Every structure is written in structure tokens, then in C-alpha cells.
Number of protein chains: 2
Amino acid sequence: MGDTVKYTLAERDIPTHWVNLMADLPGDGPPPLHPGTKQPAGPDDLAALFPMNLILQEVSAEAEIEIPEPVRDAYKLWRPTPLYRARRLERELDTPAHIYYKYEGVSPAGSHKPNTAVAQAYENAAAGIRKLTTETGAGQWGSALSFACQLFGLECEVWMVGSSYDQKPYRRSMMETWGATVHRSPSEVTESGRSQREHPTGSLGIAISEAVEVAAQSADTNYSLGSVLNHVLLHQTVIGQEALAQMAMAGEEPDVVVACVGGGSNFGGLTFPFLRRVIRGGARTRFVAAEPAACPTLTRGVYAYDFGDTVGLTPLMPMYTLGHGFVPPPVHAGGLRYHGDSPLVCGLVKAGLVEPRAYRQNDTFEAAVAFARSEGIIPAPEPAHAIRAVIDEALAAREAGEPRVILFGLCGHGNFDLSAYDAYLAGRLEDPEFSESDLEAALASLPEAPALT
Amino acid sequence: MGDTVKYTLAERDIPTHWVNLMADLPGDGPPPLHPGTKQPAGPDDLAALFPMNLILQEVSAEAEIEIPEPVRDAYKLWRPTPLYRARRLERELDTPAHIYYKYEGVSPAGSHKPNTAVAQAYENAAAGIRKLTTETGAGQWGSALSFACQLFGLECEVWMVGSSYDQKPYRRSMMETWGATVHRSPSEVTESGRSQREHPTGSLGIAISEAVEVAAQSADTNYSLGSVLNHVLLHQTVIGQEALAQMAMAGEEPDVVVACVGGGSNFGGLTFPFLRRVIRGGARTRFVAAEPAACPTLTRGVYAYDFGDTVGLTPLMPMYTLGHGFVPPPVHAGGLRYHGDSPLVCGLVKAGLVEPRAYRQNDTFEAAVAFARSEGIIPAPEPAHAIRAVIDEALAAREAGEPRVILFGLCGHGNFDLSAYDAYLAGRLEDPEFSESDLEAALASLPEAPALT
């Protein structure tokens with residue numbers, strides 16, 4: 001066997017259905033609440049922002065949902081994606097662990113985000129919508145939606161988090177090349193943006209407020225979210241289904257599956273098909289969720305109802321949160337700078353099925369450079385968090401002298417993040433901490449709402 | 001049939017041999033000449049810069065050369081690469097033509113360049129070499145060699161053309177992430193660089209002089225060239241061999257094959273396996289070589305002996321050239337800014353087997369944006385020249401009301417070229433011309449050498 005071990009599926013192996021983990025969870029979980037009345041929010045409360053087909057996916061109790069043919073056809077542009085065994089990294093770490101990674105950076109936008117972008121653009125176009133608005137952190141999601149809107153003939157308007165807009169100007173150019181309009185958030189074109197001028201670096205929460213505000217004002221404009229919601233995680237389960245098939249080709253069963261978590265779509269996409277087997281009693285697998293120590297939602301947040309955005313326009317969602325007013329420091333993993341997380345993923349953490357871990361920025365870049373130099377792919381700063389966790393798992397396996405099969409999600413490449421690598425290699429990358437007093441200040445913005453247990 | 005039509009080969013379909021077109025050409029062609037004596041240069045004259053295995057490939061008369069297993073193993077990191085049919089673009093152009101493209105941007109460095117980089121790094125490592133030096137234009141080649149050196153445990157030192165160094169800082173960061181040392185060329189660390197201070201934007205010719213100078217000084221350091229030479233084009237023929245198999249899957253025979261030409265490695269890599277069939281009498285195919293109007297080597301240069309570099313350290317090569325002293329204007333297609341071209345490709349142009357065409361920068365970006373908006377992949381500025389030629393061919397087919405099967409090489413993505421897209425979309429992209437007086441001035445640097453017929 002050579003150093004390169006890659007498991008490639010055929011086009012016919014692209015999944016025909018998405019996996020809806022909700023069908024396998026006990027009970028319905030706490031419902032989202034209307035932001036005004038604080039009563040359970042129903043499908044009608046979402047109809048101003050989303051087409052009915054996506055709302056039905058959001059609340060579906062079916063275990064599997066068929067992928068519409070035009071979406072599956074668009075998936076063929078880059079799917080199936082490869083799964084690799086990282087033999088060169090294993091050798092570098094001198095570990096008995098076997099490390100596998102599922103690589104989503106082969107999509108045109110360079111990350112897993114198009115998996116849901118094309119599904120959302122398709123359903124909105126089919127519902128007669130003319131334009132989508134959205135927010136973007138690192139620019140991965142905004143790029144993906146710009147690309148998807150172009151495929152399905154929709155306009156696209158994007159609010160990009162200020163710190164990322166400044167760090168990653170070429171992500172903006174990419175969105176514009178695909179025909180989108182891009183604003184630096186907080187912007188002057190919305191009420192929400194103008195109300196947040198004191199936070200010039202912006203945050204995902206602020207950018208969401210801006211995009212939601214504009215979508216709510218026009219009947220032919222909808223809003224599109226790149227993570228957090230059930231239907232978004234649903235669309236991403238093509239990743240985990242392919243990875244299951246590829247691990248079967250490798251003849252191995254993962255002991256631990258690792259992915260980074262910002263809003264939860266990458267994590268849910270990779271892990272839910274594996275988690276379903278655990279819940280159904282067919283496998284024993286650990287799951288590790290890697291997040292930034294500078295925005296430690298799952299490791300240090302509280303489990304409570306909170307708004308999805310900063311201004312308070314969205315329903316209240318049951319989740320781990322640092323408080324919707326929290327503006328994370330401008331770490332380069334812009335896709336992980338979010339005060340909350342997917343309610344589904346939070347419920348799994350709460351239930352003890354998923355173990356969250358937080359990592360400092362410099363530690364994640366150290367891991368990313370080691371990965372790039374052995375495996376050849378330069379990771380985005382977000383999956384660098386997963387790689388840090390993977391290397392720690394592999395070193396623990398070496399210490400324990402035991403084999404261990406590790407699978408992780410390499411959800412995007414770092415071609416647009418090289419200024420951060422530059423700073424890291426030059427020893428001038430910032431490494432923000434998160435103190436007890438930061439936590440106290442962050443949690444001060446939690447709204448009044450029914451308690452969660 | 002859906003909109004997405006992709007032809008995917010299995011890992012076992014990665015070619016086992018490279019195609020050496022020299023074996024099928026009549027006669028030996030004019031030999032390279034020693035820069036001092038101007039007598040035919042033999043293998044020994046190259047031994048200061050290249051390992052013997054690469055020199056033997058350079059002069060081989062075998063029709064096929066086996067790919068060493070460690071190189072084929074490295075190819076598996078990204079090969080086989082996909083071949084797509086551009087149905088969305090066809091519809092946009094309302095053309096009866098069928099357009100296919102072979103996409104090499106899926107490699108870690110984002111272009112076709114790693115196909116030869118891993119082969120060269122392997123042979124140098126096997127020969128006990130410790131370090132490779134090279135030049136890079138847009139950064140594609142320097143990235144590829146940095147990546148390949150990392151795989152085979154070599155140091156890598158890169159001279160990057162000044163204008164590209166300034167336009168594409170993130171290509172430098174990419175090379176450094178893979179462990180390379182990068183200089184802006186002309187640099188102060190070589191005689192050659194110091195002699196060219198009056199050309200601060202640099203050129204491939206100047207950067208080659210710098211890298212050759214340093215390699216010639218140390219026994220454990222070799223030089224590596226990303227294009228032009230026979231063995232480099234040889235390594236790239238994995239592209240065309242895969243494309244042949246994929247066109248067979250599509251059940252179509254290309255009427256015309258299009259690729260951009262800078263030094264010729266992308267062009268040769270795609271076309272040589274197809275050209276061999278034409279030479280052997282098995283096919284009728286046209287071949288179009290697309291180059292920048294600002295550096296029109298094949299369309300306006302003279303067929304003569306000239307140096308490969310600016311300072312005059314390399315052998316004299318028989319090629320179309322604008323004169324080795326010509327410094328092309330800083331167009332964004334940095335990989336095409338070269339005064340000469342591969343002697344093999346030049347010979348084919350001279351023989352009338354390849355038709356060269358030159359395109360203005362803005363026309364190529366217009367084509368690239370149209371492609372990005374229909375097919376989803378943002379092309380590098382170099383293959384944007386091929387896309388311009390393809391769109392013209394497709395529109396001509398529409399005018400003529402006739403079917404036409406077009407295959408082109410999409411040799412790299414434009415993720416590092418978005419500042420150029422930004423300038424194009426904002427209407428402030430420069431569009432340098434090339435006048436008769438430019439030509440006269442350029443040709444003034446031609447050295448004295450035997451005439452070619």
C-alpha cells in the first residue's frame with residue numbers, strides 16, 4: 001500500500017435521501033418560541049422568511065427525505081467528495097491511530113456549504129422567489145449561496161461580518177464574480193446595522209439581523225441561513241452518508257468522529273448518519289465537537305432559550321448560548337464566531353452523546369500547518385479546530401499504546417485564509433482568551449424566557 | 001439528462017505511462033545549443049542542474065515512459081481529475097457545439113503543475129539532492145513545487161516574479177505554509193537579480209536566471225523548471241490520456257482541442273495524446289493554442305534560437321520567441337508572461353499542426369466571468385484565454401449552424417486571482433496592447449546564433 005489512500009465513490013453513490021435525525025430522537029425537544037409572544041412558533045411564523053417546502057423539512061418527522069432531482073443534479077458538480085486516510089500525518093505523529101478525513105473543499109465555493117445552498121436556492125426558485133438575503137462570516141456561506149443562486153437564477157444579497165470582510169477581501173470578489181451584492185456588516189442600509197455601529201468588527205448575529213430585516217420587508221425576497229436550523233443540517237447529511245459508505249470501503253469502523261462546530265451544519269452533516277446508528281443501537285462511536293476557546297458556546301455557554309440573531313428578530317431557540325449580545329473576538333475561524341449553536345446539536349451535547357472541546361487559535365494553526373505539510377491540503381481555520389482535536393486523539397492513542405480509528409470532517413480549504421497562516425508563521429497571530437468576566441458580560445444579554453431543563 | 005454531466009475515472013485509470021510525443025515526430029528537430037560554444041548541448045551540459053533520470057527523459061526516443069510508483073502514488077492525492085460537459089455554458093451561448101473541459105484545479109496547489117512537480121521532486125530526492133530552486137510567475141508553479149518538495153523531503157527556494165508577488169501575496173503564504181522560502185524577483189540575493197533592477201515588475205526570464213544561478217553553485221542543489229522542457233511536458237501527458245478515456249466515455253470525438261500556452265506544459269499535457277493520434281493517422285483534430293496579446297510569442301514572435309532566461313545562463317533553444325530581453329507587461333495571467341515557448345510546441349506550430357491565437361486581457365476576463373456564472377468554477381486568468389477561444393469557437397458553430405465538439409483544458413482555479421476579477425468587474429482592469437514598435441524593441445535582444453528554417 002502506498003502513502004496515498006483515497007476512497008472514491010461513483011456518481012450513482014451520491015445519496016438519494018437526506019437523513020433526518022429528528023425522527024430518531026426521543027420526544028420532540030423544546031419548541032422554538034415566537035420572539036414577541038414567547039409561545040411555541042409554528043410553520044406560519046416562518047413563512048415570511050422561508051418557502052413552505054423548507055419549513056416542512058424543518059419540522060419533519062420522517063426519517064429520510066428525498067433529495068429533489070435538480071438538487072442532486074447540482075450536487076454532481078462536485079460530489080461525491082473523497083475520503084482519505086492520512087497516512088503521512090499518522091507517520092509524522094508516530095501514532096498507531098488510523099486517521100481518516102472526509103474532504104468537502106472540492107466544491108466550487110471550497111467548503112461543505114453548497115450542499116445546503118443549492119437545496120435552498122432550488123426550493124426558493126421553485127416557490128417563485130426572486131431574491132435571497134443572507135449573512136456570512138468567513139465568506140464560505142455567502143460564496144456558496146451566491147454560487148447556488150446563480151445556478152437557479154436568483155439574485156443574492158449578502159451581509160458579510162466586518163472583521164472577515166476586512167481579513168478576506170477575495171471572498172467578497174468571489175461572491176461578486178458569481179453576481180451577488182455584498183455589504184460590510186454592520187452596514188448603514190438596515191435599521192439593525194445602524195443600531196450596532198458600536199461593534200464595527202461585526203458578528204454573525206448582527207449580520208443575520210440585517211439579512212432577516214431586509215427579507216421580511218418584501219414578498220418576493222426570502223432569507224437563507226447557512227447553519228443552525230434543522231433543514232440546513234438535514235441537507236448536509238450527504239456528507240456523513242458518503243463517509244459511512246467510504247469507511248465501509250476501508251473496512252474500518254470509526255471509534256471517534258470529530259468535526260468543528262460554529263452553527264452546527266458541518267458537524268451535523270458528518271455525524272448524524274453515524275449518530276443514528278448509535279441511537280438505534282448499532283454502533284459504539286464517540287463524537288467530538290471542536291469549537292474556538294474565544295467563542296466557547298458548547299463548553300462554557302448555558303442551555304437556555306435565546307435569539308438566533310443579535311437584534312432579536314428571530315424566534316427564541318433552545319440552545320447552548322453565550323447570549324445573543326455577545327460579540328466574539330475576531331478570530332480567523334469566522335464561521336465559528338456565533339453566540340449559539342444548532343438546537344439539534346445542543347440537545348445531543350446536553351444528552352451526553354456529543355463531547356464538546358474548545359481550542360485556542362494558535363494551537364489550531366499549529367495543527368493545521370502540520371496537516372498541510374504532511375497531507376498537502378491547506379485547511380480552513382474552522383476545520384483546523386477539528387484537526388487539533390484529531391491530533392490530540394492520535395497522540396493519546398500513542399500514549400495508551402492502543403489502536404484507534406479517527407474520522408474527521410475537513411469541511412473546507414484555506415485558500416482564502418492565507419493571511420492568517422502568514423500571521424501564524426510570522427509569530428504574530430493573536431490568541432484571544434475568554435475569561436470568567438467575559439462570560440459574565442456575555443451572558444448578561446440573555447432574554448427573559450421559560451427555563452430549559 | 002440533467003444539467004451536470006461529469007465523467008469520472010477510477011483510481012486504477014490513472015495512467016501508468018507518460019506519452020513522449022518526440023518518438024512520433026519526424027527527425028530529431030534542431031538541438032539545444034550550449035550558451036557559450038553554441039555547439040549542440042548534450043546530457044552532460046544539463047547535469048549541473050538536473051538529475052540524470054530527468055535528463056534521460058528529456059532526450060528519450062521511447063514512445064512511452066513508465067511512471068515511477070511513488071509518483072503515481074502521489075498523483076492519487078488528486079487524480080484522476082474530472083472531465084465535465086459545460087451544458088449550462090452551451091445553453092447560455094445558445095450554441096449547437098458540445099463543450100467539454102478537463103479540470104486540473106482539484107490538485108492541492110490548484111492547477112496542473114503538481115503533475116510534473118511530484119515527478120521532479122521524486123527524481124531529485126532519489127538522486128540524493130537536498131534542495132530545489134525554481135522561479136514562479138503567478139505562483140502556481142512555485143506552490144506546486146513547494147508542495148511536492150514537502151512530500152519528498154526536499155527544501156525549496158522560489159523566486160517569484162515581482163508583479164505577481166505584489167498581486168498575489170497569498171500565493172507566497174501558501175508556499176511558506178508548505179515550508180518553502182520565497183524571494184521577490186528581481187531579488188538582491190543573486191547577481192542575476194541585481195543586474196535587472198531596472199525591471200522591478202520582473203519576468204519569468206529574470207526569475208529563471210536567479211534560480212539557475214543559485215542551483216549551479218551547489219552540488220546538492222538542483223534547479224526545477226515548471227514548463228518549456230520536454231520532460232516537463234512529458235509529465236503533464238497524464239492530463240490528455242485521462243481526457244482521451246473520458247471523451248470515449250462521453251462517446252464523442254473532439255473536433256478541436258484548446259489550451260492556453262505560457263511555456264507549453266498545460267498545452268502539451270492535454271494535447272499530446274490527441275496529437276499522437278493525428279500524427280499516426282488515426283484522427284482529424286484541430287488544436288488551438290491561446291496566448292495573451294500582451295505577450296504574443298507564438299502569433300508574433302520569430303522562430304529562432306534564444307535563451308530560456310533573461311540573463312543568458314540556459315542553453316539556446318529553438319523556439320518562437322520575442323527575444324529573451326522582452327519583459328511583458330504585468331497582465332494577471334502571470335503564467336503566460338514568457339518570451340519563449342516549449343521547443344516541442346513551437347515545432348508543432350511551425351509544422352502547421354497547432355493554430356496559435358492571441359487575446360486581450362479584458363476579453364479573456366469577460367469569457368471567464370461568463371464561465372464562472374454558468375459552470376460555477378472561477379477560472380485562473382491563464383485558462384481564461386482558452387475559454388475565450390472556446391466561446392469564439394462555439395459562437396462560430398452557432399453562426400455556421402453546425403455541431404462542433406470542443407475540448408479545453410481548465411488548468412487551474414482563480415481563487416488567488418480575485419483581485420483581478422475585482423478590477424475587471426469594477427471596469428478598471430488594464431488592457432495592454434502590443435504594437436509594431438514593441439515587437440521591434442523586443443526582438444532586438446535576440447542573440448547571435450545559427451538560423452532556423
# chains A, B, ... in the order shown; residues from 1 in each chain; ligands from 1
>>> interface_residues(of="chain A", to="chain B", cutoff="7 Å", atoms="only C-alpha atoms", output="list in words")
Gly2, Asp3, Thr4, Asp73, Ala74, Lys76, Leu77, Val106, Pro108, Phe147, Gln150, Leu151, Tyr170, Ser173, Met174, Thr177, Trp178, Val369, Ala372, Arg373, Ser374, Gly376, Ile377, Asn415, Leu418, Ser419, Tyr421 and Asp422 of chain A
>>> residues_around(residues="Arg276 in chain B", least_positions_apart="4", cutoff="8 Å", atoms="only C-alpha atoms", output="list of chain:residue names")
B:Leu21, B:Asp24, B:Phe272, B:Arg280
>>> write_last_selection(atoms="C-alpha atoms", output="PDB file, in the first residue's frame")
ATOM      1  CA  LEU B  21       5.493  12.747 -28.378  1.00  0.00           C
ATOM      2  CA  ASP B  24       6.353  10.199 -33.089  1.00  0.00           C
ATOM      3  CA  PHE B 272      -0.001  15.456 -26.990  1.00  0.00           C
ATOM      4  CA  ARG B 280      -0.272   8.398 -36.518  1.00  0.00           C
TER       5      ARG B 280
END
>>> residues_around(residues="Cys295 in chain A", least_positions_apart="3", cutoff="10 Å", atoms="only C-alpha atoms", output="list in words")
Gly262, Glu291, Pro292, Leu298, Thr299, Arg300, Gly301, Thr321, Leu322, Phe326, Val327, Pro328, Pro329, Pro330, Val331, Leu336, Arg337, Tyr338, His339, Gly340, Ala358, Tyr359, Arg360, Pro432, Glu433, Phe434 and Leu439 of chain A
>>> residues_around(residues="Ser195 in chain B", least_positions_apart="6", cutoff="10 Å", atoms="only C-alpha atoms", output="list of chain:residue names")
B:Pro186, B:Ser187, B:Glu188, B:Ile206, B:Val311
>>> write_last_selection(atoms="all heavy atoms", output="short mmCIF file (atom, residue, chain, number, x, y, z; two decimals), in the first residue's frame")
data_model
loop_
_atom_site.label_atom_id
_atom_site.label_comp_id
_atom_site.auth_asym_id
_atom_site.auth_seq_id
_atom_site.Cartn_x
_atom_site.Cartn_y
_atom_site.Cartn_z
N PRO B 186 12.97 40.75 -9.48
CA PRO B 186 14.39 40.58 -9.24
C PRO B 186 14.74 40.81 -7.77
O PRO B 186 14.28 41.76 -7.15
CB PRO B 186 15.05 41.64 -10.13
CG PRO B 186 13.99 42.64 -10.42
CD PRO B 186 12.69 41.90 -10.37
N SER B 187 15.59 39.90 -7.23
CA SER B 187 15.99 39.98 -5.83
C SER B 187 17.40 40.53 -5.72
O SER B 187 18.11 40.68 -6.71
CB SER B 187 15.93 38.59 -5.19
OG SER B 187 17.05 37.83 -5.59
N GLU B 188 17.77 40.79 -4.50
CA GLU B 188 19.13 41.27 -4.24
C GLU B 188 20.07 40.12 -3.90
O GLU B 188 21.26 40.35 -3.68
CB GLU B 188 19.11 42.29 -3.10
CG GLU B 188 18.45 43.62 -3.46
CD GLU B 188 19.21 44.37 -4.55
OE1 GLU B 188 20.45 44.45 -4.45
OE2 GLU B 188 18.57 44.86 -5.51
N ILE B 206 13.72 36.57 -15.94
CA ILE B 206 14.62 37.06 -14.89
C ILE B 206 14.63 36.08 -13.72
O ILE B 206 15.69 35.72 -13.19
CB ILE B 206 14.19 38.46 -14.40
CG1 ILE B 206 14.32 39.48 -15.55
CG2 ILE B 206 15.04 38.89 -13.20
CD1 ILE B 206 13.69 40.85 -15.24
N VAL B 311 19.03 36.50 -18.48
CA VAL B 311 20.44 36.85 -18.38
C VAL B 311 21.29 36.08 -19.38
O VAL B 311 22.36 36.54 -19.79
CB VAL B 311 20.91 36.63 -16.92
CG1 VAL B 311 22.42 36.78 -16.79
CG2 VAL B 311 20.21 37.62 -15.99
#
>>> select_by_dssp(residues="range 37-100 of chain B", states="helix (DSSP H, G or I)", output="list in words")
Pro43, Asp44, Asp45, Leu46, Met52, Asn53, Leu54, Ile55, Leu56, Gln57, Glu58, Glu69, Pro70, Val71, Arg72, Asp73, Ala74, Tyr75, Arg87, Arg88, Leu89, Glu90, Arg91, Glu92 and Leu93 of chain B
